[in-house]
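J.: Following this message is one structure expressed as structure tokens.
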Amino acid sequence: METEGSITKSRAANWPLAAFLFSVLFIGFNAIGVRYVIAELPPFWAAALRFAPAGAILFILMLLLRLPIPRGKSLLGAVLYGALNFGASYAFLYQGLEKVKPGMTQVILALVPLFTLLFAILHKQEHFRWNALLGALLALAGVAIVFREQIQENVPVISLIEVILGSLCIAESSVIAKSFPKNHPISTNAIGMITGAIILMAMSLIWKEAWFLPKSSASWFALAYLILIGSCVAFILFLFVLKQWSASINSYQFVLLPFVTVTASAWLTHEKLSPVLLSGAALVLLGVYFGAIFTPGKYKRKAVPL
């Protein structure tokens with residue numbers, strides 16, 4: 001018979017999984033929201049307009065909850081995390097999404113778990129596995145198929161490369177966040193988003209973008225979603241899970257994101273799901289499974305709690 005303490009402990013063990021699934025759902029709609037916003041606003045300014053208010057909201061929440069302000073190595077970790085995850089990655093992604101459709105973008109972002117595993121190996125957080133090499137080859141084959149179709153549809157190669165560079169930055173930011181002393185997810189995201197917003201505003205000034213607010217109701221709705229749900233809520237959940245699981249396991253959400261984004265994009269933006277796109281996506285997901293998820297002989301070792 002289960003005691004009250006064991007039931008409570010069992011429920012607590014399910015919290016990271018619940019946070020993981022909600023994070024997947026919320027982030028899955030982000031690429032579509034971005035597509036609506038950058039249809040009206042310049043990319044760097046649009047990204048800054050998202051993360052500056054989101055960072056301010058989280059900073060106020062941090063003060064209200066009396067959470068400690070990161071200092072020393074903790075502050076450095078939060079700044080580096082923000083520079084990569086909110087500054088560099090979204091600079092690339094917002095640029096790429098001007099030409100690359102949301103569903104296609106999310107298929108490329110499905111490479112993040114594989115990149116995360118490779119970076120974790122380079123940072124000596126995890127060990128090299130031969131199946132990671134097999135996964136990399138399969139995933140690259142899938143991306144090559146997708147690239148070929150997108151080029152035939154006159155999607156610029158540079159836009160596709162920008163999405164890949166964005167996924168590399170996301171992967172490295174997760175590994176960095178795991179390397180530094182653990183902060184509260186709200187504190188890390190508050191510092192990180194403000195850092196990212198400063199970088200994006202600087203890039204907007206360098207590129208001489210016009211600064212103005214959206215005019216259409218669709219853009220305002222998308223921006224509000226990106227600030228409140230797609231940034232504040234989703235990234236708190238992301239870092240909460242990262243504190244419980246390894247960086248490579250937490251990045252598995254990028255394998256599930258295409259299913260949310262592609263389905264929603266086909267419904268909302270009427271994005272066509274061609275057989276070539278679906279076959280390329282299948283190869284990417286298969287590669288990520290073999291490279292980052294599948295572990296030979298895992299049943300002989302202690303299982304990772306999910």
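Each chain in the structure tokens gets a letter, A, B and so on, in the order shown; residues start at 1 in every chain, and ligands are counted from 1 in the order they appear.
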Within 10 Å of stretch 235-248 of chain A, counting only C-alpha atoms, which residues qualify if same-chain residues fewer than 3 places away don't, as an NGL selection string?

T.: :A and (13 or 15-24 or 26-27 or 58 or 112-120 or 125-126 or 171-179 or 182-190 or 193 or 229-232 or 251-253 or 292-293 or 304-306)

J.: Residues of the last selection are to be written out with C-alpha atoms, as an mmCIF file, in the first residue's frame.

T.:
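Printed below is out.cif as written:
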data_model
loop_
_atom_site.group_PDB
_atom_site.id
_atom_site.type_symbol
_atom_site.label_atom_id
_atom_site.label_comp_id
_atom_site.auth_asym_id
_atom_site.auth_seq_id
_atom_site.Cartn_x
_atom_site.Cartn_y
_atom_site.Cartn_z
ATOM 1 C CA ALA A 13 8.614 12.961 -10.347
ATOM 2 C CA TRP A 15 6.333 17.378 -12.916
ATOM 3 C CA PRO A 16 9.357 17.554 -15.270
ATOM 4 C CA LEU A 17 7.521 15.395 -17.821
ATOM 5 C CA ALA A 18 4.413 17.601 -17.616
ATOM 6 C CA ALA A 19 6.581 20.730 -17.976
ATOM 7 C CA PHE A 20 8.365 19.109 -20.921
ATOM 8 C CA LEU A 21 5.098 18.387 -22.778
ATOM 9 C CA PHE A 22 3.627 21.843 -22.169
ATOM 10 C CA SER A 23 6.921 23.390 -23.301
ATOM 11 C CA VAL A 24 6.689 21.421 -26.550
ATOM 12 C CA PHE A 26 3.855 26.270 -26.425
ATOM 13 C CA ILE A 27 7.137 26.464 -28.355
ATOM 14 C CA LEU A 58 10.369 38.086 -15.646
ATOM 15 C CA VAL A 112 19.001 20.467 -32.029
ATOM 16 C CA PRO A 113 19.118 17.244 -29.912
ATOM 17 C CA LEU A 114 21.889 15.885 -32.123
ATOM 18 C CA PHE A 115 23.836 19.145 -31.976
ATOM 19 C CA THR A 116 23.289 19.268 -28.208
ATOM 20 C CA LEU A 117 24.699 15.769 -27.761
ATOM 21 C CA LEU A 118 27.755 16.601 -29.887
ATOM 22 C CA PHE A 119 28.387 19.826 -27.955
ATOM 23 C CA ALA A 120 27.883 17.990 -24.645
ATOM 24 C CA GLN A 125 29.424 16.463 -20.121
ATOM 25 C CA GLU A 126 28.583 13.222 -21.944
ATOM 26 C CA ALA A 171 22.134 23.569 -28.693
ATOM 27 C CA GLU A 172 25.249 25.256 -27.312
ATOM 28 C CA SER A 173 23.185 27.483 -24.994
ATOM 29 C CA SER A 174 21.636 24.408 -23.313
ATOM 30 C CA VAL A 175 25.060 22.886 -22.701
ATOM 31 C CA ILE A 176 26.368 26.196 -21.305
ATOM 32 C CA ALA A 177 23.335 26.550 -19.006
ATOM 33 C CA LYS A 178 24.132 23.087 -17.644
ATOM 34 C CA SER A 179 27.810 23.974 -17.111
ATOM 35 C CA LYS A 182 22.148 26.516 -11.247
ATOM 36 C CA ASN A 183 19.964 29.589 -10.963
ATOM 37 C CA HIS A 184 16.217 29.741 -10.637
ATOM 38 C CA PRO A 185 14.637 29.408 -14.140
ATOM 39 C CA ILE A 186 12.927 32.791 -13.768
ATOM 40 C CA SER A 187 16.191 34.534 -12.852
ATOM 41 C CA THR A 188 18.162 32.880 -15.657
ATOM 42 C CA ASN A 189 15.552 33.760 -18.265
ATOM 43 C CA ALA A 190 15.144 37.325 -16.988
ATOM 44 C CA MET A 193 16.223 37.678 -22.315
ATOM 45 C CA ILE A 229 3.407 32.248 -23.559
ATOM 46 C CA GLY A 230 6.134 31.564 -26.118
ATOM 47 C CA SER A 231 8.830 33.317 -24.063
ATOM 48 C CA CYS A 232 7.924 33.815 -20.374
ATOM 49 C CA SER A 251 16.562 18.788 -26.148
ATOM 50 C CA TYR A 252 14.378 15.857 -27.280
ATOM 51 C CA GLN A 253 11.506 18.338 -27.387
ATOM 52 C CA ALA A 292 20.568 11.280 -29.336
ATOM 53 C CA ILE A 293 17.810 9.078 -27.938
ATOM 54 C CA VAL A 304 16.983 7.507 -16.918
ATOM 55 C CA PRO A 305 13.747 8.582 -15.216
ATOM 56 C CA LEU A 306 11.423 10.368 -17.606
#

J.: Can you measure atom CA of A:Gly192 to atom CA of A:Ser89 for me? One decimal in Å is fine.

T.: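 Result for atom CA of A:Gly192 versus atom CA of A:Ser89: 12.4 Å, one decimal.
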
J.: Hey, what does DSSP flag as helix (DSSP H, G or I) within stretch 38-137 of chain A? Can you give it to me as an MDAnalysis selection string?

T.: chainID A and resid 38 43:64 72:96 102:109 112:122 130:137

J.: Using only C-alpha atoms for the distances, tell me which of A:Val37, A:Leu111, A:Ile158, A:Ala78 is nearest to A:Val284.

T.: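 Nearest to A:Val284: A:Leu111.
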
J.: Which residue is closest to A:Ala88? Choose from A:Val260, A:Val163, A:Ala39, A:Ala224 and count only C-alpha atoms.

T.: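 The shortest atom-to-atom distance to A:Ala88 comes from A:Val163.
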
J.: Could you name the residues that touch A:Gly96 at 9 Å or less, counting only C-alpha atoms, but leaving out those on the same chain fewer than 5 positions away, as number ranges by chain?

T.: A: 91, 101, 105, 158-163, 166

J.: Using C-alpha atoms, can you export the residues from the last selection as an mmCIF file, in the first residue's frame?

T.:
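Below is the file that was written, out.cif:
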data_model
loop_
_atom_site.group_PDB
_atom_site.id
_atom_site.type_symbol
_atom_site.label_atom_id
_atom_site.label_comp_id
_atom_site.auth_asym_id
_atom_site.auth_seq_id
_atom_site.Cartn_x
_atom_site.Cartn_y
_atom_site.Cartn_z
ATOM 1 C CA ALA A 91 18.870 36.790 -34.861
ATOM 2 C CA LYS A 101 8.155 28.437 -43.809
ATOM 3 C CA THR A 105 12.049 25.638 -40.017
ATOM 4 C CA ILE A 158 21.405 31.617 -46.940
ATOM 5 C CA SER A 159 17.980 31.534 -45.233
ATOM 6 C CA LEU A 160 18.244 27.778 -44.705
ATOM 7 C CA ILE A 161 21.782 28.167 -43.369
ATOM 8 C CA GLU A 162 20.557 30.858 -40.959
ATOM 9 C CA VAL A 163 18.031 28.400 -39.496
ATOM 10 C CA GLY A 166 20.152 29.269 -35.052
#

J.: How many Å separate atom CA of A:Phe29 from atom CA of A:Thr261?

T.: 5.8 Å
